[in-house]
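Visitor: This is model07.cif (mmCIF, C-alpha atoms).
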```cif
data_target
loop_
_atom_site.group_PDB
_atom_site.id
_atom_site.type_symbol
_atom_site.label_atom_id
_atom_site.label_comp_id
_atom_site.auth_asym_id
_atom_site.auth_seq_id
_atom_site.Cartn_x
_atom_site.Cartn_y
_atom_site.Cartn_z
ATOM 1 C CA MET A 9 91.948 78.194 138.170
ATOM 2 C CA THR A 10 92.537 81.027 135.741
ATOM 3 C CA PRO A 11 91.361 84.372 137.146
ATOM 4 C CA ASP A 12 89.383 86.848 135.053
ATOM 5 C CA ILE A 13 91.315 89.677 133.470
ATOM 6 C CA PRO A 14 90.587 92.937 135.306
ATOM 7 C CA GLU A 15 89.840 95.932 133.063
ATOM 8 C CA LEU A 16 92.366 98.702 132.828
ATOM 9 C CA ARG A 17 91.171 102.304 132.473
ATOM 10 C CA LYS A 18 93.301 104.996 130.882
ATOM 11 C CA GLN A 19 92.832 108.690 130.206
ATOM 12 C CA VAL A 20 94.796 109.765 127.153
ATOM 13 C CA THR A 21 96.232 113.220 127.657
ATOM 14 C CA ARG A 22 98.535 115.434 125.639
ATOM 15 C CA VAL A 23 101.065 114.971 128.409
ATOM 16 C CA ALA A 24 100.836 111.182 128.064
ATOM 17 C CA ILE A 25 101.322 111.479 124.291
ATOM 18 C CA ALA A 26 104.327 113.768 124.763
ATOM 19 C CA ARG A 27 105.792 111.401 127.348
ATOM 20 C CA TYR A 28 105.325 108.454 125.019
ATOM 21 C CA ALA A 29 107.019 110.395 122.221
ATOM 22 C CA ALA A 30 110.000 111.023 124.480
ATOM 23 C CA ALA A 31 110.102 107.464 125.803
ATOM 24 C CA SER A 32 109.899 105.899 122.355
ATOM 25 C CA GLY A 33 111.760 108.540 120.365
ATOM 26 C CA ASP A 34 108.789 108.753 117.985
ATOM 27 C CA TYR A 35 108.330 112.478 117.414
ATOM 28 C CA ASN A 36 106.110 112.137 114.346
ATOM 29 C CA PRO A 37 104.313 115.499 114.148
ATOM 30 C CA LEU A 38 100.991 113.698 113.684
ATOM 31 C CA HIS A 39 101.204 113.082 117.431
ATOM 32 C CA LEU A 40 102.532 116.433 118.535
ATOM 33 C CA ASP A 41 101.817 119.216 116.051
ATOM 34 C CA GLU A 42 98.178 120.296 115.861
ATOM 35 C CA GLU A 43 98.550 122.209 112.595
ATOM 36 C CA HIS A 44 100.427 119.380 110.912
ATOM 37 C CA ALA A 45 97.762 116.881 111.960
ATOM 38 C CA ARG A 46 94.997 119.100 110.522
ATOM 39 C CA ARG A 47 96.901 119.546 107.263
ATOM 40 C CA THR A 48 96.859 115.764 106.814
ATOM 41 C CA GLY A 49 93.098 115.616 107.314
ATOM 42 C CA LEU A 50 92.916 114.704 110.989
ATOM 43 C CA PRO A 51 90.748 116.723 113.395
ATOM 44 C CA SER A 52 93.636 117.003 115.857
ATOM 45 C CA VAL A 53 96.818 115.243 116.901
ATOM 46 C CA ILE A 54 96.432 111.536 117.586
ATOM 47 C CA ALA A 55 98.015 109.271 120.154
ATOM 48 C CA HIS A 56 100.685 106.813 119.074
ATOM 49 C CA GLY A 57 99.147 103.436 118.280
ATOM 50 C CA LEU A 58 101.927 101.931 120.316
ATOM 51 C CA LEU A 59 100.627 103.774 123.382
ATOM 52 C CA SER A 60 97.589 101.487 123.186
ATOM 53 C CA PHE A 61 99.997 98.575 122.748
ATOM 54 C CA GLY A 62 101.596 99.631 126.019
ATOM 55 C CA TYR A 63 98.192 99.620 127.709
ATOM 56 C CA ALA A 64 97.581 96.102 126.394
ATOM 57 C CA GLY A 65 100.948 95.040 127.777
ATOM 58 C CA GLN A 66 100.093 96.479 131.182
ATOM 59 C CA LEU A 67 96.688 94.762 131.117
ATOM 60 C CA LEU A 68 98.339 91.370 130.620
ATOM 61 C CA THR A 69 101.287 91.917 132.944
ATOM 62 C CA ASP A 70 99.056 93.101 135.777
ATOM 63 C CA TRP A 71 96.917 89.995 135.270
ATOM 64 C CA CYS A 72 100.089 87.906 135.486
ATOM 65 C CA GLY A 73 100.881 89.281 138.921
ATOM 66 C CA GLY A 74 103.257 91.877 137.532
ATOM 67 C CA ASP A 75 105.593 89.343 135.899
ATOM 68 C CA PRO A 76 106.300 90.432 132.301
ATOM 69 C CA ALA A 77 108.105 87.158 131.537
ATOM 70 C CA ARG A 78 104.742 85.400 131.406
ATOM 71 C CA VAL A 79 103.647 87.461 128.397
ATOM 72 C CA ARG A 80 104.930 85.457 125.431
ATOM 73 C CA ARG A 81 103.218 87.045 122.428
ATOM 74 C CA MET A 82 101.122 90.113 121.705
ATOM 75 C CA ARG A 83 99.364 91.294 118.575
ATOM 76 C CA LEU A 84 97.351 94.487 118.280
ATOM 77 C CA ARG A 85 95.682 96.066 115.259
ATOM 78 C CA PHE A 86 94.987 99.781 115.414
ATOM 79 C CA LEU A 87 91.476 100.326 114.089
ATOM 80 C CA LYS A 88 90.587 103.917 114.968
ATOM 81 C CA PRO A 89 92.629 106.978 115.854
ATOM 82 C CA VAL A 90 92.848 107.855 119.537
ATOM 83 C CA PHE A 91 92.703 111.530 120.477
ATOM 84 C CA PRO A 92 93.725 113.584 123.491
ATOM 85 C CA ASN A 93 91.139 113.380 126.292
ATOM 86 C CA ASP A 94 89.834 110.006 125.124
ATOM 87 C CA GLU A 95 88.964 107.642 127.932
ATOM 88 C CA LEU A 96 90.013 104.124 127.042
ATOM 89 C CA ILE A 97 89.347 100.759 128.605
ATOM 90 C CA ALA A 98 91.686 97.843 127.928
ATOM 91 C CA ARG A 99 90.076 94.484 128.457
ATOM 92 C CA GLY A 100 90.772 90.876 127.695
ATOM 93 C CA ALA A 101 89.278 87.413 127.834
ATOM 94 C CA VAL A 102 90.747 83.927 127.729
ATOM 95 C CA THR A 103 89.723 82.244 124.486
ATOM 96 C CA ALA A 104 91.664 78.978 124.631
ATOM 97 C CA GLN A 105 94.194 76.967 126.571
ATOM 98 C CA THR A 106 96.893 75.304 124.505
ATOM 99 C CA PRO A 107 100.185 73.543 125.274
ATOM 100 C CA HIS A 108 101.840 76.914 124.660
ATOM 101 C CA GLY A 109 99.748 78.734 127.237
ATOM 102 C CA LEU A 110 96.573 80.755 127.456
ATOM 103 C CA GLU A 111 95.247 82.459 124.349
ATOM 104 C CA VAL A 112 93.716 85.823 125.168
ATOM 105 C CA SER A 113 91.684 88.265 123.094
ATOM 106 C CA ILE A 114 92.370 91.945 123.708
ATOM 107 C CA GLU A 115 90.298 95.042 123.001
ATOM 108 C CA ILE A 116 90.930 98.702 123.637
ATOM 109 C CA VAL A 117 87.614 100.534 123.614
ATOM 110 C CA ARG A 118 86.436 104.137 123.711
ATOM 111 C CA GLY A 119 82.825 103.983 124.869
ATOM 112 C CA SER A 120 81.211 101.410 122.588
ATOM 113 C CA GLU A 121 83.862 101.816 119.888
ATOM 114 C CA VAL A 122 86.756 99.373 119.551
ATOM 115 C CA VAL A 123 89.875 101.398 118.730
ATOM 116 C CA ALA A 124 92.337 98.497 118.802
ATOM 117 C CA ALA A 125 91.998 94.735 118.954
ATOM 118 C CA GLY A 126 94.247 91.739 118.977
ATOM 119 C CA ASP A 127 95.329 88.689 120.887
ATOM 120 C CA ALA A 128 98.125 87.357 123.027
ATOM 121 C CA THR A 129 99.660 84.220 124.456
ATOM 122 C CA VAL A 130 100.377 84.119 128.157
ATOM 123 C CA ALA A 131 102.018 81.428 130.297
ATOM 124 C CA PRO A 132 99.422 79.451 132.251
ATOM 125 C CA PHE A 133 98.687 80.093 135.897
ATOM 126 C CA GLN A 134 100.223 77.467 138.218
ATOM 127 C CA MET B 29 117.580 108.001 122.437
ATOM 128 C CA SER B 30 120.883 106.398 121.520
ATOM 129 C CA VAL B 31 120.418 104.865 118.140
ATOM 130 C CA VAL B 32 123.466 103.655 116.333
ATOM 131 C CA VAL B 33 123.176 103.236 112.600
ATOM 132 C CA ARG B 34 125.168 100.109 111.883
ATOM 133 C CA ALA B 35 124.825 100.078 108.139
ATOM 134 C CA PRO B 36 123.964 102.552 105.432
ATOM 135 C CA ALA B 37 120.313 102.764 104.494
ATOM 136 C CA VAL B 38 120.079 100.569 101.462
ATOM 137 C CA ALA B 39 116.693 100.291 100.008
ATOM 138 C CA ALA B 40 116.883 100.824 96.345
ATOM 139 C CA ILE B 41 114.060 98.659 95.077
ATOM 140 C CA PRO B 42 110.559 98.965 96.477
ATOM 141 C CA GLY B 43 109.780 95.258 96.714
ATOM 142 C CA PRO B 44 109.510 92.875 99.674
ATOM 143 C CA GLY B 45 112.934 91.781 100.818
ATOM 144 C CA ASP B 46 114.635 94.537 98.875
ATOM 145 C CA LEU B 47 113.889 97.246 101.379
ATOM 146 C CA ILE B 48 116.273 96.588 104.268
ATOM 147 C CA CYS B 49 116.247 98.784 107.334
ATOM 148 C CA PRO B 50 119.484 100.093 108.793
ATOM 149 C CA ASP B 51 120.313 98.060 111.902
ATOM 150 C CA ALA B 52 119.967 99.898 115.190
ATOM 151 C CA GLU B 53 121.182 99.415 118.732
ATOM 152 C CA PHE B 54 119.312 100.420 121.854
ATOM 153 C CA GLU B 55 120.742 100.711 125.339
ATOM 154 C CA VAL B 56 118.316 99.595 128.029
ATOM 155 C CA THR B 57 118.681 101.833 131.068
ATOM 156 C CA ALA B 58 116.755 102.186 134.303
ATOM 157 C CA GLN B 59 115.806 105.711 133.225
ATOM 158 C CA ARG B 60 114.385 104.493 129.925
ATOM 159 C CA ILE B 61 112.354 101.771 131.601
ATOM 160 C CA GLU B 62 110.968 104.282 134.081
ATOM 161 C CA ASP B 63 110.233 106.836 131.369
ATOM 162 C CA TYR B 64 108.338 104.203 129.398
ATOM 163 C CA ALA B 65 106.390 103.049 132.467
ATOM 164 C CA VAL B 66 105.495 106.645 133.372
ATOM 165 C CA ALA B 67 104.330 107.330 129.804
ATOM 166 C CA ILE B 68 102.044 104.305 129.931
ATOM 167 C CA GLY B 69 100.968 105.072 133.493
ATOM 168 C CA ASP B 70 102.213 101.699 134.748
ATOM 169 C CA ALA B 71 103.177 101.637 138.444
ATOM 170 C CA ASN B 72 104.562 98.062 138.397
ATOM 171 C CA PRO B 73 107.466 98.150 140.908
ATOM 172 C CA ARG B 74 109.609 96.024 138.591
ATOM 173 C CA PHE B 75 109.625 98.998 136.201
ATOM 174 C CA ARG B 76 110.667 101.544 138.841
ATOM 175 C CA ARG B 77 113.917 102.110 140.723
ATOM 176 C CA ARG B 78 114.032 101.666 144.487
ATOM 177 C CA GLY B 79 116.068 104.687 145.415
ATOM 178 C CA ARG B 80 119.243 104.170 143.394
ATOM 179 C CA ASP B 81 118.791 100.400 143.105
ATOM 180 C CA SER B 82 117.791 99.042 139.708
ATOM 181 C CA SER B 83 118.933 95.437 140.191
ATOM 182 C CA HIS B 84 115.325 94.158 140.325
ATOM 183 C CA MET B 85 114.232 95.989 137.176
ATOM 184 C CA VAL B 86 113.224 94.503 133.837
ATOM 185 C CA ALA B 87 111.723 96.216 130.808
ATOM 186 C CA PRO B 88 107.988 95.912 130.147
ATOM 187 C CA ARG B 89 107.274 93.528 127.278
ATOM 188 C CA ALA B 90 105.449 96.211 125.320
ATOM 189 C CA MET B 91 108.507 98.475 125.537
ATOM 190 C CA ALA B 92 110.023 96.262 122.846
ATOM 191 C CA ALA B 93 107.677 98.065 120.467
ATOM 192 C CA ALA B 94 109.562 101.271 121.177
ATOM 193 C CA TYR B 95 112.929 99.915 120.074
ATOM 194 C CA LEU B 96 111.754 97.429 117.433
ATOM 195 C CA GLN B 97 110.449 100.367 115.424
ATOM 196 C CA LEU B 98 113.840 102.104 115.390
ATOM 197 C CA PRO B 99 115.195 100.537 112.171
ATOM 198 C CA VAL B 100 111.894 101.235 110.404
ATOM 199 C CA ARG B 101 111.972 104.854 111.546
ATOM 200 C CA LEU B 102 115.539 105.174 110.309
ATOM 201 C CA LEU B 103 114.435 103.844 106.947
ATOM 202 C CA LEU B 104 111.457 106.204 106.809
ATOM 203 C CA THR B 105 113.737 109.167 107.388
ATOM 204 C CA ASP B 106 115.817 108.226 104.336
ATOM 205 C CA ALA B 107 114.050 110.606 101.965
ATOM 206 C CA ASP B 108 115.866 109.297 98.896
ATOM 207 C CA ALA B 109 114.965 105.670 99.596
ATOM 208 C CA MET B 110 111.356 106.614 100.304
ATOM 209 C CA ARG B 111 111.091 108.591 97.078
ATOM 210 C CA ARG B 112 112.483 105.679 95.049
ATOM 211 C CA ALA B 113 110.113 103.287 96.835
ATOM 212 C CA GLY B 114 107.160 105.621 96.242
ATOM 213 C CA ILE B 115 106.255 105.771 99.928
ATOM 214 C CA ALA B 116 104.597 108.993 101.156
ATOM 215 C CA VAL B 117 106.012 109.040 104.676
ATOM 216 C CA GLU B 118 103.833 111.887 105.945
ATOM 217 C CA ARG B 119 100.731 109.704 105.611
ATOM 218 C CA ILE B 120 102.194 106.617 107.287
ATOM 219 C CA LEU B 121 100.750 105.268 110.538
ATOM 220 C CA PHE B 122 101.082 102.036 112.475
ATOM 221 C CA GLY B 123 98.448 99.526 111.421
ATOM 222 C CA GLU B 124 99.364 96.439 113.418
ATOM 223 C CA VAL B 125 102.192 94.985 115.465
ATOM 224 C CA GLU B 126 102.774 91.401 116.508
ATOM 225 C CA TYR B 127 105.714 90.273 118.619
ATOM 226 C CA GLN B 128 106.783 86.998 120.134
ATOM 227 C CA TYR B 129 108.911 87.501 123.203
ATOM 228 C CA GLY B 130 112.022 85.715 124.352
ATOM 229 C CA ALA B 131 114.579 86.856 126.889
ATOM 230 C CA LEU B 132 113.806 89.727 129.232
ATOM 231 C CA VAL B 133 115.973 92.813 129.088
ATOM 232 C CA ARG B 134 117.361 94.683 132.071
ATOM 233 C CA PRO B 135 119.235 97.919 132.694
ATOM 234 C CA GLY B 136 122.678 97.598 131.169
ATOM 235 C CA ASP B 137 121.601 95.409 128.261
ATOM 236 C CA TRP B 138 122.195 96.484 124.692
ATOM 237 C CA VAL B 139 119.677 95.326 122.120
ATOM 238 C CA ARG B 140 120.457 95.010 118.423
ATOM 239 C CA ILE B 141 117.504 95.384 116.089
ATOM 240 C CA SER B 142 117.217 94.500 112.432
ATOM 241 C CA GLY B 143 114.369 94.451 109.960
ATOM 242 C CA ARG B 144 113.315 94.371 106.336
ATOM 243 C CA LEU B 145 110.175 94.811 104.278
ATOM 244 C CA VAL B 146 108.509 91.414 103.839
ATOM 245 C CA ASP B 147 105.192 92.381 102.260
ATOM 246 C CA ARG B 148 103.697 95.348 100.440
ATOM 247 C CA ARG B 149 100.091 95.319 99.287
ATOM 248 C CA ALA B 150 97.071 97.487 98.557
ATOM 249 C CA SER B 151 93.974 97.393 100.744
ATOM 250 C CA GLY B 152 91.186 99.525 99.284
ATOM 251 C CA ASP B 153 92.536 103.049 98.979
ATOM 252 C CA LYS B 154 95.301 102.296 101.473
ATOM 253 C CA GLU B 155 98.657 100.614 101.132
ATOM 254 C CA LEU B 156 100.124 98.253 103.715
ATOM 255 C CA PHE B 157 103.825 97.717 104.378
ATOM 256 C CA THR B 158 104.826 94.810 106.616
ATOM 257 C CA PHE B 159 108.313 94.669 108.079
ATOM 258 C CA GLY B 160 109.809 91.589 109.704
ATOM 259 C CA MET B 161 111.766 92.590 112.802
ATOM 260 C CA ARG B 162 114.148 90.908 115.207
ATOM 261 C CA ALA B 163 115.800 92.135 118.399
ATOM 262 C CA ALA B 164 118.545 90.315 120.271
ATOM 263 C CA ARG B 165 120.721 91.029 123.281
ATOM 264 C CA GLU B 166 124.479 91.272 122.961
ATOM 265 C CA ASP B 167 124.807 87.676 124.200
ATOM 266 C CA GLY B 168 122.720 86.595 121.218
ATOM 267 C CA ALA B 169 119.550 85.787 123.156
ATOM 268 C CA GLU B 170 116.511 86.744 121.126
ATOM 269 C CA VAL B 171 114.431 89.371 122.894
ATOM 270 C CA ALA B 172 111.571 89.698 120.439
ATOM 271 C CA CYS B 173 110.700 89.023 116.843
ATOM 272 C CA GLY B 174 107.645 89.733 114.795
ATOM 273 C CA THR B 175 106.100 92.160 112.368
ATOM 274 C CA ILE B 176 105.234 95.825 112.099
ATOM 275 C CA THR B 177 102.589 96.730 109.543
ATOM 276 C CA LEU B 178 102.436 100.351 108.493
ATOM 277 C CA VAL B 179 99.462 101.881 106.697
ATOM 278 C CA ARG B 180 99.658 104.642 104.131
ATOM 279 C CA ARG B 181 96.394 106.541 104.582
#
```
The structure given in the file should be rewritten as structure tokens.

Guide:
Amino acid sequence: MTPDIPELRKQVTRVAIARYAAASGDYNPLHLDEEHARRTGLPSVIAHGLLSFGYAGQLLTDWCGGDPARVRRMRLRFLKPVFPNDELIARGAVTAQTPHGLEVSIEIVRGSEVVAAGDATVAPFQ
Amino acid sequence: MSVVVRAPAVAAIPGPGDLICPDAEFEVTAQRIEDYAVAIGDANPRFRRRGRDSSHMVAPRAMAAAYLQLPVRLLLTDADAMRRAGIAVERILFGEVEYQYGALVRPGDWVRISGRLVDRRASGDKELFTFGMRAAREDGAEVACGTITLVRR
């Protein structure tokens, strides 16, 4: 029996963005420099898209009992910018079972708005 | 972040396959895994040291995104190559990533990452750049491969 995928809730903070910049080495000023972000037409700095990718990875790994080896493929498209203080929910649903594993759809949402979406392949539950 | 440029930034012609990223190397350490997990807010004990012990640790799958982007970032910082390719770096953002995963990586592993532009196309008033990427451990085991698509706003 394949269990449902529990939602994952995340609060995006400036501290989280700064920590992700340090952890990834991506110091693009769009993520860190308020004035630079405004000069390029954004209302404020934005979170790294790959921060949402990290949330998607945690969503799947938690579902897999904490075993990252069971996550075999991930794809995520970044649809909307994510800003400091946004509250995000990562959620997923099994869409198919194939010989390669379980196919899962993934969404990262802010309220009713989908900010990132994609899919993944995960090893089946025993 | 220890990034080792293994080859000069080439990139003279702005077409798919002609824009080759400098190779990079990334050392996986317990500190880096923890820093990544803290940034994500992931309390998985496999991503955290137990006291001074890191023998149980592995890197989160999504952490591959952090080091797979390194060659692309190195390329984007080559102002001359970007000017010749007509890419306005200051308006570049991630549009999509897709990775297939192989071997896990642990503290002490070194990962070698390579990549090249495989597609460049317009989409409305935007431009999309897709890079094919590959990361492998020193023993040759493939860690991850896939694509990074950047968007020029």

Visitor: Go ahead and compute the interatomic distance for CA of Ile120 (chain B) and CA of Val90 (chain A), in Å to one decimal.

Guide: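 A separation of 15.5 Å between them.
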
Visitor: Might you spell out which residues the PyMOL selection byres ((chain A) within 7 of (chain B)) would select in the displayed file, as a list in words?

Guide: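 For this structure, the PyMOL selection byres ((chain A) within 7 of (chain B)) captures Ala24, Arg27, Tyr28, Ala31, Ser32, Gly33, Gly57, Leu58, Leu59, Phe61, Gly62, Tyr63, Gly65, Gln66, Gly74, Pro76, Ala77, Arg80, Arg81, Met82, Arg83, Leu84, Arg85 and Phe86 of chain A.
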
Visitor: Report, in Å with one decimal, the straight-line distance from CA of Gly136 (chain B) to CA of Leu67 (chain A).

Guide: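 We find that CA of Gly136 (chain B) and CA of Leu67 (chain A) lie 26.1 Å from each other.
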
Visitor: Expressed in Å to a single decimal, how great is the separation between CA of Gly109 (chain A) and CA of Ser142 (chain B)?

Guide: 27.8 Å

Visitor: For Ala101 (chain A), find every residue with an atom within 8 Å (counting all atoms listed in the file), except residues of its own chain fewer than 5 positions away, and show them as a list in words.

Guide: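 Skipping anything fewer than 5 positions along the chain leaves Asp12, Ile13, Val112, Ser113 and Ile114 of chain A.
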
Visitor: For the file shown, what are the residues hit by the PyMOL selection byres ((chain B and resi 55) around 7), laid out as a PyMOL selection string?

Guide: chain B and resi 30+53-54+56-57+136-139

Visitor: Which residues fall under the PyMOL selection byres ((chain A and resi 111) around 7) in this file, as a list in words?

Guide: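 Checked against the file, the PyMOL selection byres ((chain A and resi 111) around 7) matches Val102, Thr103, Ala104, Gln105, Gly109, Leu110, Val112, Ser113, Ala128, Thr129 and Val130 of chain A.
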
Visitor: Which residue out of B:Lys154, B:Leu178, B:Val117, B:Gly143 has the minimum interatomic distance to Leu38 (chain A) when only C-alpha atoms are used?

Guide: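 Residue with the minimum atom-to-atom distance to Leu38 (chain A): B:Val117.
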
Visitor: I'd like to know which of A:Arg47, A:Lys88, A:Arg99, A:Arg78 is closest to Gln134 (chain A), using all atoms listed in the file.

Guide: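 Result for the nearest residue to Gln134 (chain A): A:Arg78.
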
Visitor: Please fill the gaps in region 60-72 of chain A so it has N, CA and C atoms, and write that as a PDB file, in the coordinates of the input.

Guide:
```pdb
ATOM      1  N   SER A  60      98.612 102.500 122.896  1.00  0.00           N
ATOM      2  CA  SER A  60      97.589 101.487 123.186  1.00  0.00           C
ATOM      3  C   SER A  60      98.225 100.107 123.368  1.00  0.00           C
ATOM      4  N   PHE A  61      99.276  99.839 122.594  1.00  0.00           N
ATOM      5  CA  PHE A  61      99.997  98.575 122.748  1.00  0.00           C
ATOM      6  C   PHE A  61     100.586  98.483 124.163  1.00  0.00           C
ATOM      7  N   GLY A  62     101.087  99.594 124.649  1.00  0.00           N
ATOM      8  CA  GLY A  62     101.596  99.631 126.019  1.00  0.00           C
ATOM      9  C   GLY A  62     100.505  99.347 127.041  1.00  0.00           C
ATOM     10  N   TYR A  63      99.302  99.895 126.795  1.00  0.00           N
ATOM     11  CA  TYR A  63      98.192  99.620 127.709  1.00  0.00           C
ATOM     12  C   TYR A  63      97.847  98.120 127.691  1.00  0.00           C
ATOM     13  N   ALA A  64      97.874  97.545 126.498  1.00  0.00           N
ATOM     14  CA  ALA A  64      97.581  96.102 126.394  1.00  0.00           C
ATOM     15  C   ALA A  64      98.639  95.293 127.154  1.00  0.00           C
ATOM     16  N   GLY A  65      99.884  95.729 127.048  1.00  0.00           N
ATOM     17  CA  GLY A  65     100.948  95.040 127.777  1.00  0.00           C
ATOM     18  C   GLY A  65     100.750  95.140 129.283  1.00  0.00           C
ATOM     19  N   GLN A  66     100.331  96.323 129.742  1.00  0.00           N
ATOM     20  CA  GLN A  66     100.093  96.479 131.182  1.00  0.00           C
ATOM     21  C   GLN A  66      98.909  95.620 131.623  1.00  0.00           C
ATOM     22  N   LEU A  67      97.858  95.597 130.798  1.00  0.00           N
ATOM     23  CA  LEU A  67      96.688  94.762 131.117  1.00  0.00           C
ATOM     24  C   LEU A  67      97.123  93.320 131.391  1.00  0.00           C
ATOM     25  N   LEU A  68      97.942  92.775 130.502  1.00  0.00           N
ATOM     26  CA  LEU A  68      98.339  91.370 130.620  1.00  0.00           C
ATOM     27  C   LEU A  68      99.322  91.164 131.769  1.00  0.00           C
ATOM     28  N   THR A  69     100.272  92.077 131.901  1.00  0.00           N
ATOM     29  CA  THR A  69     101.287  91.917 132.944  1.00  0.00           C
ATOM     30  C   THR A  69     100.668  92.039 134.334  1.00  0.00           C
ATOM     31  N   ASP A  70      99.750  92.985 134.487  1.00  0.00           N
ATOM     32  CA  ASP A  70      99.056  93.101 135.777  1.00  0.00           C
ATOM     33  C   ASP A  70      98.326  91.800 136.102  1.00  0.00           C
ATOM     34  N   TRP A  71      97.669  91.260 135.087  1.00  0.00           N
ATOM     35  CA  TRP A  71      96.917  89.995 135.270  1.00  0.00           C
ATOM     36  C   TRP A  71      97.868  88.859 135.673  1.00  0.00           C
ATOM     37  N   CYS A  72      99.079  88.930 135.186  1.00  0.00           N
ATOM     38  CA  CYS A  72     100.089  87.906 135.486  1.00  0.00           C
ATOM     39  C   CYS A  72     100.845  88.216 136.770  1.00  0.00           C
TER      40      CYS A  72
END
```
